[in-house]
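Undergrad: Just coords-v2.txt, nothing more (compact mmCIF, C-alpha atoms):
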```txt
# COMPACT_ATOMS: atom_id res chain seq x y z
CA MET A 287 -1.19 0.42 18.63
CA LYS A 288 2.37 1.68 18.38
CA ILE A 289 4.50 1.83 15.26
CA THR A 290 7.64 0.33 16.77
CA LYS A 291 9.63 -0.01 13.53
CA TYR A 292 9.32 1.05 9.91
CA PHE A 293 11.43 1.28 6.78
CA TYR A 294 10.56 2.12 3.20
CA LYS A 295 11.63 3.51 -0.14
CA ALA A 296 9.55 5.43 -2.69
CA SER A 297 10.11 6.09 -6.39
CA LYS A 298 11.88 9.32 -7.36
CA GLU A 299 13.00 9.07 -10.99
CA LYS A 300 10.33 10.83 -13.04
CA LEU A 301 9.78 9.40 -16.50
CA ILE A 302 7.28 10.62 -19.07
CA ASP A 303 4.57 8.17 -17.95
CA ARG A 304 5.60 6.93 -14.49
CA VAL A 305 7.91 7.46 -11.52
CA GLN A 306 10.56 4.75 -11.24
CA LEU A 307 12.48 3.22 -8.35
CA LEU A 308 13.80 -0.15 -9.54
CA LYS A 309 16.43 0.03 -12.28
CA ASN A 310 16.15 -3.63 -13.20
CA ARG A 311 12.84 -3.86 -15.08
CA THR A 312 12.82 -7.64 -15.66
CA GLN A 313 14.01 -9.21 -12.39
CA PRO A 314 11.16 -10.24 -10.03
CA MET A 315 10.03 -7.44 -7.74
CA THR A 316 10.21 -9.38 -4.47
CA THR A 317 13.75 -10.57 -5.22
CA GLN A 318 14.89 -6.97 -5.64
CA TYR A 319 13.19 -5.62 -2.52
CA ILE A 320 14.41 -8.49 -0.33
CA LYS A 321 17.95 -7.76 -1.47
CA MET A 322 17.42 -4.06 -0.73
CA PHE A 323 15.94 -4.56 2.77
CA LYS A 324 17.28 -7.95 3.91
CA LYS A 325 19.22 -6.53 6.87
CA ASP A 326 16.24 -4.47 8.00
CA LEU A 327 13.96 -7.52 7.80
CA GLN A 328 16.46 -9.71 9.64
CA SER A 329 16.67 -7.11 12.44
CA ILE A 330 12.99 -7.58 13.36
CA GLN A 331 12.84 -9.61 16.58
CA LEU A 332 9.59 -9.47 18.53
CA THR A 333 8.47 -11.01 21.80
CA GLY A 334 5.08 -12.75 21.73
CA ASN A 335 2.81 -13.85 18.92
CA VAL A 336 3.24 -12.22 15.52
CA ALA A 337 1.09 -11.77 12.39
CA VAL A 338 2.56 -11.06 8.97
CA LEU A 339 0.22 -9.26 6.58
CA TYR A 340 0.95 -8.75 2.89
CA ALA A 341 -0.90 -5.82 1.31
CA GLY A 342 -0.97 -7.02 -2.26
CA GLY A 343 -2.84 -4.27 -4.07
CA ALA A 344 -4.38 -5.17 -7.41
CA GLY A 345 -4.60 -8.96 -7.77
CA VAL A 346 -5.06 -10.69 -11.12
CA HIS A 347 -6.81 -14.05 -10.96
CA ASN A 348 -4.78 -16.89 -12.50
CA ALA A 349 -7.90 -17.98 -14.38
CA GLU A 350 -7.52 -14.85 -16.51
CA GLY A 351 -3.77 -14.81 -17.10
CA ARG A 352 -3.45 -14.07 -20.82
CA ASN A 353 -0.86 -12.73 -23.23
CA TYR A 354 -1.44 -9.16 -24.42
CA SER A 355 -1.20 -8.58 -28.17
CA GLY A 356 -2.54 -5.03 -28.43
CA SER A 357 -0.76 -1.87 -29.51
CA PHE A 358 -0.35 -0.05 -26.17
CA THR A 359 3.25 0.75 -25.27
CA SER A 360 4.94 2.50 -22.36
CA THR A 361 8.39 3.01 -20.88
CA GLN A 362 7.86 -0.28 -19.03
CA PRO A 363 8.84 -3.20 -21.28
CA ILE A 364 6.80 -6.40 -21.50
CA MET A 365 8.48 -8.97 -19.27
CA GLU A 366 9.07 -12.57 -20.28
CA ALA A 367 7.30 -15.14 -18.14
CA GLY A 368 9.24 -17.22 -15.62
CA PRO A 369 8.03 -19.92 -13.22
CA VAL A 370 4.35 -19.21 -12.45
CA ILE A 371 4.86 -19.49 -8.70
CA ARG A 372 6.91 -16.28 -8.72
CA ASP A 373 3.80 -14.35 -9.82
CA LEU A 374 1.71 -15.46 -6.83
CA GLN A 375 1.24 -13.12 -3.88
CA ALA A 376 1.13 -16.10 -1.51
CA TYR A 377 4.64 -17.00 -2.69
CA MET A 378 5.81 -13.43 -2.15
CA LEU A 379 4.44 -13.49 1.41
CA HIS A 380 6.14 -16.85 1.95
CA LYS A 381 9.50 -15.42 0.85
CA TYR A 382 9.27 -12.64 3.43
CA ILE A 383 8.13 -14.97 6.20
CA GLY A 384 11.13 -17.18 5.39
CA ILE A 385 13.34 -14.32 6.60
CA LEU A 386 11.16 -13.28 9.57
CA VAL A 387 10.35 -16.71 11.00
CA ASN A 388 13.84 -17.30 12.41
CA LYS A 389 13.44 -14.62 15.11
CA ASN A 390 9.66 -14.37 15.48
CA ASN A 391 6.78 -16.63 16.55
CA ILE A 392 4.55 -16.17 13.51
CA ILE A 393 1.11 -17.66 14.16
CA TYR A 394 -0.99 -15.76 11.63
CA ALA A 395 -0.51 -14.59 8.05
CA ASN A 396 -2.74 -13.16 5.36
CA VAL A 397 -2.75 -11.62 1.89
CA ASN A 398 -5.27 -9.06 0.67
CA SER A 399 -5.91 -7.66 -2.80
CA ASN A 400 -8.12 -4.70 -1.96
CA THR A 401 -6.58 -2.68 -4.80
CA CYS A 402 -5.24 0.77 -3.89
CA ALA A 403 -6.69 0.57 -0.36
CA SER A 404 -4.85 -2.67 0.48
CA SER A 405 -2.42 -1.12 2.95
CA PHE A 406 -5.28 0.32 4.97
CA TYR A 407 -7.06 -3.01 5.12
CA SER A 408 -3.89 -4.58 6.54
CA ILE A 409 -3.66 -1.81 9.17
CA TYR A 410 -7.33 -2.38 10.03
CA GLU A 411 -6.77 -6.15 10.22
CA ALA A 412 -3.73 -5.64 12.45
CA GLU A 413 -5.78 -3.59 14.92
CA GLN A 414 -8.47 -6.28 15.03
CA LEU A 415 -5.91 -9.01 15.68
CA ILE A 416 -4.13 -7.05 18.40
CA ASN A 417 -7.32 -5.86 20.13
CA ARG A 418 -8.70 -9.41 20.18
CA GLY A 419 -5.52 -10.69 21.81
CA ILE A 420 -4.65 -13.01 18.92
CA VAL A 421 -1.24 -11.45 18.40
CA ASP A 422 1.03 -8.97 20.15
CA HIS A 423 2.54 -7.58 16.96
CA ALA A 424 1.70 -7.32 13.26
CA ILE A 425 4.30 -6.92 10.52
CA ILE A 426 2.80 -5.34 7.40
CA ILE A 427 4.67 -5.55 4.09
CA SER A 428 3.68 -3.96 0.80
CA GLU A 429 5.63 -3.60 -2.44
CA GLU A 430 5.00 -2.39 -5.97
CA LYS A 431 6.77 -2.54 -9.31
CA THR A 432 5.11 -1.03 -12.36
CA SER A 433 4.07 -3.49 -15.06
CA LEU A 434 2.68 -2.93 -18.53
CA ASN A 435 -0.81 -3.82 -17.29
CA THR A 436 -0.53 -1.29 -14.47
CA MET A 437 0.01 1.37 -17.10
CA ARG A 438 -2.54 -0.06 -19.51
CA ILE A 439 -5.55 -0.16 -17.17
CA PHE A 440 -5.53 3.60 -16.61
CA HIS A 441 -4.85 4.26 -20.30
CA GLU A 442 -7.82 2.11 -21.31
CA HIS A 443 -10.14 4.03 -18.99
CA ASN A 444 -8.75 7.50 -19.80
CA ILE A 445 -7.64 8.16 -16.23
CA PRO A 446 -4.71 10.62 -16.11
CA LEU A 447 -2.59 9.03 -13.41
CA LYS A 448 1.19 8.86 -13.03
CA ILE A 449 2.15 5.48 -11.56
CA GLY A 450 4.91 4.98 -8.98
CA GLU A 451 6.52 2.09 -7.15
CA GLY A 452 8.16 1.35 -3.83
CA PHE A 453 8.32 -0.76 -0.69
CA ALA A 454 7.25 -0.31 2.91
CA CYS A 455 7.32 -2.39 6.06
CA ILE A 456 5.92 -1.37 9.44
CA VAL A 457 5.68 -3.17 12.76
CA LEU A 458 2.54 -2.47 14.78
CA SER A 459 2.70 -3.50 18.44
CA LYS A 460 0.25 -3.66 21.32
CA GLU A 461 2.83 -1.91 23.50
CA GLY A 462 6.15 -0.23 22.93
CA ILE A 463 7.89 3.02 22.08
CA GLY A 464 6.75 4.70 18.92
CA THR A 465 4.07 6.71 17.17
CA THR A 466 0.48 5.88 18.08
CA ILE A 467 -1.85 4.69 15.35
CA ARG A 468 -5.53 4.27 16.19
CA ASP A 469 -9.15 4.37 15.07
CA THR A 470 -8.70 2.25 11.98
CA LYS A 471 -11.73 2.07 9.72
CA TRP A 472 -12.67 -0.10 6.76
CA LYS A 473 -15.86 0.58 4.78
CA TYR A 474 -17.47 -0.18 1.44
CA LYS A 475 -19.58 1.92 -0.92
CA TYR A 476 -20.87 0.40 -4.16
CA ASP A 477 -21.05 2.37 -7.39
CA LYS A 478 -21.86 1.02 -10.84
CA ASN A 479 -18.55 2.51 -12.04
CA PRO A 480 -15.79 0.49 -10.27
CA PHE A 481 -13.37 3.44 -10.54
CA MET A 482 -15.78 5.87 -8.86
CA VAL A 483 -14.89 7.36 -5.47
CA SER A 484 -17.34 9.56 -3.64
CA GLU A 485 -17.86 12.00 -0.81
CA GLU A 486 -20.15 9.43 0.82
CA GLY A 487 -17.47 6.74 0.69
CA TYR A 488 -14.76 8.95 2.15
CA SER A 489 -17.17 10.28 4.80
CA LYS A 490 -17.65 6.73 6.06
CA VAL A 491 -13.99 6.59 7.14
CA TYR A 492 -13.69 10.10 8.56
CA THR A 493 -12.49 10.58 12.15
CA GLU A 494 -12.07 13.95 13.86
CA CYS A 495 -8.54 15.16 13.19
CA ASP A 496 -6.24 18.15 12.66
CA MET A 497 -5.26 17.36 9.05
CA VAL A 498 -5.92 14.70 6.42
CA LYS A 499 -3.25 12.85 4.46
CA GLY A 500 -5.56 11.95 1.62
CA HIS A 501 -5.40 9.49 -1.26
CA GLN A 502 -4.85 12.58 -3.46
CA THR A 503 -4.42 10.90 -6.82
CA GLY A 504 -4.36 14.24 -8.62
CA THR A 505 -7.48 13.32 -10.59
CA THR A 506 -10.32 15.84 -10.40
CA GLN A 507 -12.90 13.23 -9.40
CA ASN A 508 -10.95 11.82 -6.44
CA ASP A 509 -9.60 15.10 -5.10
CA GLU A 510 -12.99 16.83 -5.26
CA ALA A 511 -14.60 13.89 -3.43
CA GLU A 512 -11.98 14.13 -0.68
CA LYS A 513 -12.41 17.88 -0.40
CA ALA A 514 -16.17 17.46 -0.08
CA ALA A 515 -15.73 14.84 2.66
CA PHE A 516 -12.74 16.27 4.53
CA GLY A 517 -12.72 20.00 3.78
CA ASP A 518 -9.66 22.06 2.86
CA LYS A 519 -7.21 20.36 5.25
CA VAL A 520 -6.19 17.61 2.79
CA PHE A 521 -2.64 17.05 1.52
CA GLY A 522 -0.81 14.20 -0.22
CA TYR A 523 2.47 12.91 -1.61
CA LYS A 524 1.62 11.27 -4.96
CA LYS A 525 2.59 14.35 -6.95
CA GLU A 526 6.22 13.62 -6.10
CA ILE A 527 6.35 9.81 -5.80
CA GLY A 528 3.59 8.68 -8.16
CA HIS A 529 0.74 6.32 -7.30
CA ALA A 530 2.20 3.10 -5.91
CA GLN A 531 -1.12 1.25 -6.06
CA GLY A 532 -1.74 -1.04 -3.05
CA ALA A 533 1.59 -0.08 -1.50
CA SER A 534 0.80 3.64 -1.68
CA GLY A 535 -0.97 3.84 1.68
CA LEU A 536 1.86 2.20 3.63
CA ILE A 537 4.61 4.10 1.80
CA GLU A 538 2.87 7.44 2.31
CA LEU A 539 2.21 6.68 5.98
CA CYS A 540 5.96 6.17 6.40
CA ILE A 541 6.68 9.42 4.55
CA LEU A 542 4.25 11.15 6.90
CA LEU A 543 6.16 9.80 9.91
CA ASP A 544 9.31 11.46 8.57
CA ASP A 545 7.59 14.70 7.52
CA ASN A 546 8.51 17.17 10.26
CA LYS A 547 6.27 19.84 8.74
CA VAL A 548 3.15 17.92 9.77
CA LYS A 549 2.07 17.69 13.41
CA GLY A 550 -1.09 16.71 15.28
CA ASN A 551 -3.70 14.00 14.83
CA ILE A 552 -3.48 13.12 11.13
CA LEU A 553 -6.20 11.15 9.40
CA CYS A 554 -4.67 8.93 6.70
CA ALA A 555 -7.23 7.78 4.13
CA ALA A 556 -7.34 5.81 0.89
CA SER A 557 -9.79 4.31 -1.57
CA GLY A 558 -9.55 1.46 -4.04
CA LEU A 559 -11.11 0.25 -7.29
CA GLY A 560 -14.35 -1.56 -6.53
CA GLY A 561 -15.60 0.62 -3.67
CA PHE A 562 -13.10 0.09 -0.83
CA TYR A 563 -12.34 2.86 1.70
CA GLY A 564 -9.95 2.78 4.65
CA SER A 565 -8.39 5.12 7.17
CA CYS A 566 -6.53 5.45 10.46
CA ILE A 567 -5.36 8.22 12.79
CA VAL A 568 -1.64 8.83 13.26
CA GLU A 569 -0.69 10.87 16.34
CA LYS A 570 2.38 13.03 15.63
```
Go ahead and express the file in the form of structure tokens.

TA:
Amino acid sequence: MKITKYFYKASKEKLIDRVQLLKNRTQPMTTQYIKMFKKDLQSIQLTGNVAVLYAGGAGVHNAEGRNYSGSFTSTQPIMEAGPVIRDLQAYMLHKYIGILVNKNNIIYANVNSNTCASSFYSIYEAEQLINRGIVDHAIIISEEKTSLNTMRIFHEHNIPLKIGEGFACIVLSKEGIGTTIRDTKWKYKYDKNPFMVSEEGYSKVYTECDMVKGHQTGTTQNDEAEKAAFGDKVFGYKKEIGHAQGASGLIELCILLDDNKVKGNILCAASGLGGFYGSCIVEK
């Protein structure tokens, strides 16, 4: 596959407990990112059949939507509820397709909630769709805005992580001019601790490469597991931009494309809560 178009923005403003991008903390996330990238989205015009894939990250089931009344606080305020439909990832995907459908023959769409590895599942799914001849192009969109619950889950489990936010969109095409992306992998490794990541899990998605753009959360457990699986050639970007959850993989892939200090066949890898592991090779 070729990356024929991409655009993105990562968080930069470092607060005491997170890295912030969006100044408006109460307006819906998708509304803000569509306003930010509307011209870029409208400029996408592809020939042939197109898939649109929404990498949703951590998904909360509506059956368990409850009001929080505990004592945890953060720099992210609790937001007042609006119409329920605005909280649904399917609605968010629909909003983006509403912009893209005017210039593209969209025949396939999907949402995934494979936690922090979501972006890599979408890249894997795109390769399957293109290789099977179902579509000629796949547009992948992922976005993140920190919520109180995003902060709270890591606090409750004593995981020292600084959260970030951002947006990324890439177009993967069967043919075209752009960076090659190949050898996508998607694997699963169960552990009784849903937060656990392991050398065995990361080893499942290893492909021979020059360097590894790892998940690199900055936690001892994750970074040691990656080092055991990949060796000393691992680097990452979360130290500067924070951990943008399901959007992190796509955002960091875009940063890699613009990082002129990195050359060669780069393995990009990620893991997600529950035992998900994904990767791909980017040829630079």

Undergrad: Taking 5 positions as the minimum chain separation for residues in the same chain, which residues sit within 8 Å of Lys570 in chain A when counting only C-alpha atoms? Answer as a ChimeraX atom specification.

TA: /A:465-466,543,548-552

Undergrad: Using all atoms listed in the file, which of the listed residues (A:Phe406, A:Tyr340, A:Phe453, A:Tyr563) sits closest to Ser489 in chain A?

TA: A:Tyr563

Undergrad: Can I get the residues of range 475-501 of chain A within 12 Å of range 383-402 of chain A, each with the closest pair of atoms and their distance in Å to one decimal, using all atoms listed in the file, sorted chain first then ascending number, as a Markdown table?

TA:
```
| residue | atom | partner | partner_atom | distance |
| --- | --- | --- | --- | --- |
| A:Pro480 | CA | A:Thr401 | CA | 11.2 |
| A:Phe481 | CA | A:Thr401 | CA | 10.8 |
| A:Val483 | CA | A:Cys402 | CA | 11.8 |
| A:His501 | CA | A:Cys402 | CA | 9.1 |
```

Undergrad: Just to confirm, what's the straight-line distance from CA of Gln502 in chain A to CA of Ser433 in chain A in Å (one decimal)?

TA: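 Going from CA of Gln502 in chain A over to CA of Ser433 in chain A, I get 21.7 Å.
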
Undergrad: If you count only C-alpha atoms, which residues fall within 10 Å of Lys460 in chain A, apart from same-chain ones fewer than 3 positions away, as a PyMOL selection string?

TA: chain A and resi 287-290+412-413+415-417+419+421-424

Undergrad: Could you save the residues just selected, with C-alpha atoms, as a PDB file, in the coordinates of the input?

TA:
```
ATOM      1  CA  MET A 287      -1.190   0.420  18.630  1.00  0.00           C
ATOM      2  CA  LYS A 288       2.370   1.680  18.380  1.00  0.00           C
ATOM      3  CA  ILE A 289       4.500   1.830  15.260  1.00  0.00           C
ATOM      4  CA  THR A 290       7.640   0.330  16.770  1.00  0.00           C
ATOM      5  CA  ALA A 412      -3.730  -5.640  12.450  1.00  0.00           C
ATOM      6  CA  GLU A 413      -5.780  -3.590  14.920  1.00  0.00           C
ATOM      7  CA  LEU A 415      -5.910  -9.010  15.680  1.00  0.00           C
ATOM      8  CA  ILE A 416      -4.130  -7.050  18.400  1.00  0.00           C
ATOM      9  CA  ASN A 417      -7.320  -5.860  20.130  1.00  0.00           C
ATOM     10  CA  GLY A 419      -5.520 -10.690  21.810  1.00  0.00           C
ATOM     11  CA  VAL A 421      -1.240 -11.450  18.400  1.00  0.00           C
ATOM     12  CA  ASP A 422       1.030  -8.970  20.150  1.00  0.00           C
ATOM     13  CA  HIS A 423       2.540  -7.580  16.960  1.00  0.00           C
ATOM     14  CA  ALA A 424       1.700  -7.320  13.260  1.00  0.00           C
TER      15      ALA A 424
END
```

Undergrad: Find the residues around Ala530 in chain A up to 7 Å (all atoms listed in the file counted), leave out those fewer than 2 positions away in its own chain, and share them as a PyMOL selection string.

TA: chain A and resi 430+449-452+528+532-534

Undergrad: Could you please determine the separation between CA of Arg304 in chain A and CA of Lys448 in chain A in Å, to one decimal place?

TA: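 So the two atoms, CA of Arg304 in chain A and CA of Lys448 in chain A, lie 5.0 Å apart.
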
Undergrad: Around all of range 440-457 of chain A's listed atoms, make the axis-aligned box with 8 Å on each side and tell me centre and edge lengths in Å to one decimal, as AutoDock Vina command-line options.

TA:
```
--center_x -0.9 --center_y 3.7 --center_z -4.3 --size_x 34.5 --size_y 29.8 --size_z 50.1
```

Undergrad: Residues within 10 Å of Ala367 in chain A, please, as a PyMOL selection string. Count only C-alpha atoms; anything in the same chain fewer than 4 positions from it doesn't count.

TA: chain A and resi 312+353+372-373

Undergrad: Write out as a PyMOL selection string which residues come within 12 Å of Tyr292 in chain A when counting all atoms listed in the file, dropping same-chain ones fewer than 3 positions away.

TA: chain A and resi 288-289+295+323+326-327+329-330+424-428+453-459+464-465+536-544

Undergrad: Put those residues in a file: C-alpha atoms, as an mmCIF file, keeping the file's coordinate frame.

TA:
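Final file, part02.cif:
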```
data_model
loop_
_atom_site.group_PDB
_atom_site.id
_atom_site.type_symbol
_atom_site.label_atom_id
_atom_site.label_comp_id
_atom_site.auth_asym_id
_atom_site.auth_seq_id
_atom_site.Cartn_x
_atom_site.Cartn_y
_atom_site.Cartn_z
ATOM 1 C CA LYS A 288 2.370 1.680 18.380
ATOM 2 C CA ILE A 289 4.500 1.830 15.260
ATOM 3 C CA LYS A 295 11.630 3.510 -0.140
ATOM 4 C CA PHE A 323 15.940 -4.560 2.770
ATOM 5 C CA ASP A 326 16.240 -4.470 8.000
ATOM 6 C CA LEU A 327 13.960 -7.520 7.800
ATOM 7 C CA SER A 329 16.670 -7.110 12.440
ATOM 8 C CA ILE A 330 12.990 -7.580 13.360
ATOM 9 C CA ALA A 424 1.700 -7.320 13.260
ATOM 10 C CA ILE A 425 4.300 -6.920 10.520
ATOM 11 C CA ILE A 426 2.800 -5.340 7.400
ATOM 12 C CA ILE A 427 4.670 -5.550 4.090
ATOM 13 C CA SER A 428 3.680 -3.960 0.800
ATOM 14 C CA PHE A 453 8.320 -0.760 -0.690
ATOM 15 C CA ALA A 454 7.250 -0.310 2.910
ATOM 16 C CA CYS A 455 7.320 -2.390 6.060
ATOM 17 C CA ILE A 456 5.920 -1.370 9.440
ATOM 18 C CA VAL A 457 5.680 -3.170 12.760
ATOM 19 C CA LEU A 458 2.540 -2.470 14.780
ATOM 20 C CA SER A 459 2.700 -3.500 18.440
ATOM 21 C CA GLY A 464 6.750 4.700 18.920
ATOM 22 C CA THR A 465 4.070 6.710 17.170
ATOM 23 C CA LEU A 536 1.860 2.200 3.630
ATOM 24 C CA ILE A 537 4.610 4.100 1.800
ATOM 25 C CA GLU A 538 2.870 7.440 2.310
ATOM 26 C CA LEU A 539 2.210 6.680 5.980
ATOM 27 C CA CYS A 540 5.960 6.170 6.400
ATOM 28 C CA ILE A 541 6.680 9.420 4.550
ATOM 29 C CA LEU A 542 4.250 11.150 6.900
ATOM 30 C CA LEU A 543 6.160 9.800 9.910
ATOM 31 C CA ASP A 544 9.310 11.460 8.570
#
```

Undergrad: Mind giving me the straight-line distance from CA of Glu485 in chain A to CA of Lys519 in chain A in Å, one decimal?

TA: 14.8 Å

Undergrad: When you count all atoms listed in the file, which of these residues is closest to Lys321 in chain A: A:Val336, A:Glu569, A:Leu308, A:Glu494?

TA: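 Comparing A:Val336, A:Glu569, A:Leu308, A:Glu494 against Lys321 in chain A, the winner is A:Leu308.
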
Undergrad: Restricting the calculation to only C-alpha atoms, which member of A:Ala344, A:Ile445, A:Met322, A:Leu307 is positioned closest to Gln375 in chain A?

TA: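 Distance minimum relative to Gln375 in chain A lands on A:Ala344.
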
Undergrad: Nearest residue to Tyr382 in chain A out of A:Val370, A:Val498, A:Leu434, A:Val338, using only C-alpha atoms?

TA: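 The answer is A:Val338, which sits nearest to Tyr382 in chain A.
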